[in-house]
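Inspection log for the structure reproduced underneath, given as structure tokens.
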Amino acid sequence: MENLDLLMQIYVFVLAIFVGFELITKVPPTLHTPLMSGSNAISGITIVGALISAGLEEFSVSTILGLAALIFATINVVGGYLVTDRMLKMFKKK
Amino acid sequence: MQIVSYLVYLIASILFIFGIKKLGSPKTARQGNFLSSLGMFLAVVVTLLDQRVISYEYIILGIVVGSAIGSILALKVPMTGMPQMVGLLNGFGGGASALVAFAEYFKEADLGITFEISTLITIVLSILIGSVTFTGSLIAFGKLQELITGKVIKYPLQNPINIILILAVIVAGVFVVLDPTRIDLLYGIAGVSLLLGVLLVLPIGGADMPVAVSLLNSYSGLAASMTGFVLSNNMLIIAGALVGASGIILTLIMCRGMNRSLMNVVLGGWESAGGDGGGTSAGPQGDAKSVDAEELAMILDSVQSVVIVPGYGMAVAQAQHAVRDLTNILEKKGINVRFAIHPVAGRMPGHMNVLLAEAQVSYDKLFALEDINDDFPNVDVAIIVGANDVVNPAARHDKNSPIFGMPILNVDYAKTVVVNKRSLNVGYAGIQNELFFYPNTLMFFGSAKEAITKLNNELKEL
């Protein structure tokens, strides 16, 4: 059963990579920098794992690691989205 | 409750996908970024409501500190510093993935849960990829910020050492899977991976950093996916896979733009190639014709079509605004002005477009290499500002040139080529540019900002 779960996750991973390739090849070169910083912010999704570890009931090594992970991931998420928005605001057509 | 969480995670995944889809056009891009951040917000909120999250002190602390640092970085960084910024953020993302994998290991060990083999494998992979991304990105940041020399740093037995380190991680990983109590080996894997990140990025030259940053971007995505496997969370797997794909595509675009294989870049080949071929310059040498601002203004006054080719030198000289003014002046005279942007014109994919957008150049005037190259024979004047290797015709015909085969902008097909440069010095690749000595080329000497401003003043007087 457990192996089947893993297999399903691998399915999701492989299909998501295909979706990624399809989507990203359609992004014009003009927007490649915001694409990079914006997708960078998405990779901060590990924030979800960090939250669970940092919020455990009992204080432990996991809490400390979770806190460090949370700070890193939050910098990644907040910094990534803000800087992407700052750039995209400048793209104007006269 | 669990089901609600998973449904919200699904919605977040869909928002990430739509967010990237909307990046397909400058008109909808900002909205796309908003959708993506909304997805992230929903994912965070629903996680906070998770029953396993009990104490909130550390969470509040972490979010406040992280948001403060992230906001300051995002609002302060100059547009020229964007590659460093993205490099640094990659590193934080990778570091977070490695730390979460460690935390998950300790959590399950404390609870006395028997580890699944698949969990152990993905914990090892998360730590490996996350740690390499972390230190690798810090080195990339250091090189781009010029805290570390941008030169190719080669060390003895470079490849054997890296291969041995990777093998060591794999062997240690196998032992951890066989005996999950071996925390010492897990620390070892982390240590070796951190070292590996340093050793892998150190040999890459400063001019090749765009490739390194793109590649590390891909790694940070893969690290997030691996963490998704550890936590059995499909949203992390999907989000990470999207970023992984994005980073790989951008990496390959940059490599193609330089006509280099990924291996060649990663092993730090460029500078050595340039060094070897440094003195050998084929094609016409000798006298280059120069032009001053007044003459150039008169030439420009009577043409119909101008293409400006900006290179990173323009950004270094902070000449974007002067170039924007030049565009406006020429357009007022009824001249068609376009920009031709080489894929490796800036310090990261699309960097030059951002720098020009900041200077308020309309994005519909920016053309990619493949969209404008066939049109150069119809162009009256091509003005090159701070670019060199990407307009060197030797790439088309000189088999001995280190840049042979690299796609270039065919500016030499324009009726007149104007090259703004401080001197006849060589470019990044360390090779002389025969374009400077072509009969239809005029050298417009001077540092970009001053020279273009002077040209603008002359044009206004006409």
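Chain labels follow the order of the structure tokens: the first chain is A, the next B, and so on; residue numbering restarts at 1 in every chain, and ligands are counted from 1 in their shown order.
For range 296-443 of chain B, the set of residues given strand (DSSP E or B) by DSSP on the backbone reads Ser305, Val306, Val307, Ile308, Val309, Pro310, Asn336, Val337, Arg338, Phe339, Ala340, Ile341, Leu366, Phe367, Ala368, Val381, Ala382, Ile383, Ile384, Val385, Thr416, Val417, Val418, Val419, Asn420, Lys421, Thr441, Leu442 and Met443 of chain B.
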Skip Asn162 in chain B itself and residues of its chain fewer than 4 positions away, then list as an NGL selection string all residues within 7 Å of it, counting only C-alpha atoms. :B and (158 or 166 or 196)
Would you list which chain A residues are within 6 Å of chain B using only C-alpha atoms, as an mmCIF file with N, CA and C atoms, in the first residue's frame?
```
data_model
loop_
_atom_site.group_PDB
_atom_site.id
_atom_site.type_symbol
_atom_site.label_atom_id
_atom_site.label_comp_id
_atom_site.auth_asym_id
_atom_site.auth_seq_id
_atom_site.Cartn_x
_atom_site.Cartn_y
_atom_site.Cartn_z
ATOM 1 N N PHE A 13 4.500 13.935 -9.735
ATOM 2 C CA PHE A 13 5.757 14.643 -10.002
ATOM 3 C C PHE A 13 6.031 14.705 -11.508
ATOM 4 N N ALA A 16 3.492 16.834 -13.380
ATOM 5 C CA ALA A 16 3.684 18.261 -13.092
ATOM 6 C C ALA A 16 4.876 18.813 -13.863
ATOM 7 N N ILE A 17 5.910 18.004 -14.049
ATOM 8 C CA ILE A 17 7.057 18.468 -14.835
ATOM 9 C C ILE A 17 6.620 18.746 -16.271
ATOM 10 N N GLY A 20 4.778 21.915 -16.338
ATOM 11 C CA GLY A 20 5.769 22.991 -16.218
ATOM 12 C C GLY A 20 6.419 23.302 -17.552
ATOM 13 N N PHE A 21 6.870 22.273 -18.269
ATOM 14 C CA PHE A 21 7.518 22.493 -19.563
ATOM 15 C C PHE A 21 6.571 23.189 -20.528
ATOM 16 N N LEU A 23 3.959 25.094 -19.863
ATOM 17 C CA LEU A 23 3.675 26.465 -19.460
ATOM 18 C C LEU A 23 4.867 27.378 -19.724
ATOM 19 N N ILE A 24 6.041 26.911 -19.345
ATOM 20 C CA ILE A 24 7.180 27.817 -19.322
ATOM 21 C C ILE A 24 7.736 28.093 -20.711
ATOM 22 N N LYS A 26 6.040 28.813 -23.069
ATOM 23 C CA LYS A 26 5.171 29.859 -23.633
ATOM 24 C C LYS A 26 5.451 31.235 -23.033
ATOM 25 N N VAL A 27 6.319 31.298 -22.034
ATOM 26 C CA VAL A 27 6.634 32.604 -21.436
ATOM 27 C C VAL A 27 7.654 33.312 -22.339
ATOM 28 N N PRO A 29 10.683 35.722 -23.766
ATOM 29 C CA PRO A 29 11.984 36.059 -23.168
ATOM 30 C C PRO A 29 11.941 37.347 -22.353
ATOM 31 N N THR A 30 11.096 38.296 -22.767
ATOM 32 C CA THR A 30 10.979 39.567 -22.045
ATOM 33 C C THR A 30 10.683 39.343 -20.564
ATOM 34 N N HIS A 32 11.474 36.618 -18.718
ATOM 35 C CA HIS A 32 12.214 35.517 -18.101
ATOM 36 C C HIS A 32 12.740 35.831 -16.702
ATOM 37 N N THR A 33 13.131 37.078 -16.471
ATOM 38 C CA THR A 33 13.607 37.407 -15.114
ATOM 39 C C THR A 33 12.476 37.338 -14.088
ATOM 40 N N SER A 37 12.152 34.859 -10.748
ATOM 41 C CA SER A 37 11.949 35.264 -9.355
ATOM 42 C C SER A 37 10.585 34.800 -8.855
ATOM 43 N N SER A 39 8.885 32.065 -9.941
ATOM 44 C CA SER A 39 8.891 30.622 -9.702
ATOM 45 C C SER A 39 9.737 30.319 -8.476
ATOM 46 N N SER A 43 8.943 28.052 -5.104
ATOM 47 C CA SER A 43 9.740 26.979 -4.497
ATOM 48 C C SER A 43 9.836 27.164 -2.982
ATOM 49 N N GLY A 44 9.429 28.344 -2.491
ATOM 50 C CA GLY A 44 9.352 28.550 -1.043
ATOM 51 C C GLY A 44 8.177 27.818 -0.410
ATOM 52 N N THR A 46 8.033 25.035 0.592
ATOM 53 C CA THR A 46 8.480 24.236 1.743
ATOM 54 C C THR A 46 8.075 24.912 3.042
ATOM 55 N N ALA A 50 7.814 23.651 7.021
ATOM 56 C CA ALA A 50 8.463 24.391 8.110
ATOM 57 C C ALA A 50 7.443 24.768 9.182
ATOM 58 N N ILE A 52 4.691 23.226 10.058
ATOM 59 C CA ILE A 52 4.302 22.068 10.871
ATOM 60 C C ILE A 52 5.391 21.745 11.897
ATOM 61 N N ALA A 54 7.726 23.838 13.079
ATOM 62 C CA ALA A 54 7.913 24.916 14.056
ATOM 63 C C ALA A 54 6.742 24.989 15.033
ATOM 64 N N GLY A 55 5.619 24.392 14.666
ATOM 65 C CA GLY A 55 4.426 24.514 15.503
ATOM 66 C C GLY A 55 4.125 23.282 16.336
ATOM 67 N N LEU A 56 5.095 22.371 16.422
ATOM 68 C CA LEU A 56 4.865 21.145 17.200
ATOM 69 C C LEU A 56 4.608 21.480 18.665
ATOM 70 N N GLU A 57 3.817 20.600 19.305
ATOM 71 C CA GLU A 57 3.435 20.855 20.699
ATOM 72 C C GLU A 57 4.654 20.893 21.612
ATOM 73 N N SER A 62 13.401 19.430 16.395
ATOM 74 C CA SER A 62 12.578 19.710 15.216
ATOM 75 C C SER A 62 12.033 21.136 15.225
ATOM 76 N N LEU A 65 14.878 23.456 14.143
ATOM 77 C CA LEU A 65 15.096 23.290 12.702
ATOM 78 C C LEU A 65 13.923 23.881 11.936
ATOM 79 N N LEU A 67 11.988 26.311 12.895
ATOM 80 C CA LEU A 67 12.046 27.776 12.960
ATOM 81 C C LEU A 67 13.037 28.310 11.929
ATOM 82 N N ALA A 69 14.049 26.832 9.228
ATOM 83 C CA ALA A 69 13.472 26.587 7.903
ATOM 84 C C ALA A 69 12.394 27.614 7.594
ATOM 85 N N LEU A 70 11.607 27.949 8.620
ATOM 86 C CA LEU A 70 10.511 28.897 8.426
ATOM 87 C C LEU A 70 11.043 30.278 8.044
ATOM 88 N N ILE A 71 12.104 30.715 8.724
ATOM 89 C CA ILE A 71 12.690 32.022 8.388
ATOM 90 C C ILE A 71 13.198 32.008 6.943
ATOM 91 N N PHE A 72 13.943 30.973 6.598
ATOM 92 C CA PHE A 72 14.472 30.868 5.226
ATOM 93 C C PHE A 72 13.330 30.882 4.203
ATOM 94 N N ALA A 73 12.341 30.024 4.433
ATOM 95 C CA ALA A 73 11.260 29.891 3.454
ATOM 96 C C ALA A 73 10.455 31.189 3.346
ATOM 97 N N THR A 74 10.244 31.863 4.496
ATOM 98 C CA THR A 74 9.477 33.115 4.451
ATOM 99 C C THR A 74 10.233 34.185 3.665
ATOM 100 N N ILE A 75 11.566 34.263 3.868
ATOM 101 C CA ILE A 75 12.360 35.219 3.077
ATOM 102 C C ILE A 75 12.157 34.909 1.597
ATOM 103 N N ASN A 76 12.237 33.626 1.256
ATOM 104 C CA ASN A 76 12.100 33.185 -0.122
ATOM 105 C C ASN A 76 10.732 33.580 -0.697
ATOM 106 N N VAL A 78 8.224 35.761 0.617
ATOM 107 C CA VAL A 78 7.887 37.190 0.655
ATOM 108 C C VAL A 78 8.792 37.979 -0.297
ATOM 109 N N GLY A 79 10.098 37.735 -0.201
ATOM 110 C CA GLY A 79 11.047 38.435 -1.074
ATOM 111 C C GLY A 79 10.762 38.147 -2.536
ATOM 112 N N LEU A 82 7.371 39.827 -3.773
ATOM 113 C CA LEU A 82 7.450 41.292 -3.787
ATOM 114 C C LEU A 82 8.340 41.799 -4.915
ATOM 115 N N VAL A 83 9.502 41.161 -5.062
ATOM 116 C CA VAL A 83 10.434 41.659 -6.072
ATOM 117 C C VAL A 83 9.877 41.388 -7.475
ATOM 118 N N LEU A 88 7.309 43.561 -12.448
ATOM 119 C CA LEU A 88 6.197 43.501 -13.403
ATOM 120 C C LEU A 88 5.469 44.837 -13.499
ATOM 121 N N MET A 90 6.777 47.574 -13.750
ATOM 122 C CA MET A 90 7.494 48.463 -14.667
ATOM 123 C C MET A 90 7.240 48.146 -16.132
ATOM 124 N N PHE A 91 6.722 46.940 -16.410
ATOM 125 C CA PHE A 91 6.510 46.583 -17.820
ATOM 126 C C PHE A 91 5.271 47.293 -18.359
ATOM 127 N N LYS A 92 5.505 48.339 -19.122
ATOM 128 C CA LYS A 92 4.381 49.111 -19.659
ATOM 129 C C LYS A 92 4.508 49.256 -21.155
ATOM 130 N N LYS A 93 3.358 49.430 -21.786
ATOM 131 C CA LYS A 93 3.342 49.667 -23.229
ATOM 132 C C LYS A 93 2.861 51.090 -23.425
ATOM 133 N N LYS A 94 3.602 51.810 -24.279
ATOM 134 C CA LYS A 94 3.186 53.197 -24.497
ATOM 135 C C LYS A 94 2.094 53.282 -25.550
#
```
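CA of Val337 in chain B sits 14.7 Å away from CA of Asp371 in chain B.
Between CA of Glu450 in chain B and CA of Val323 in chain B the interatomic distance comes to 10.7 Å.
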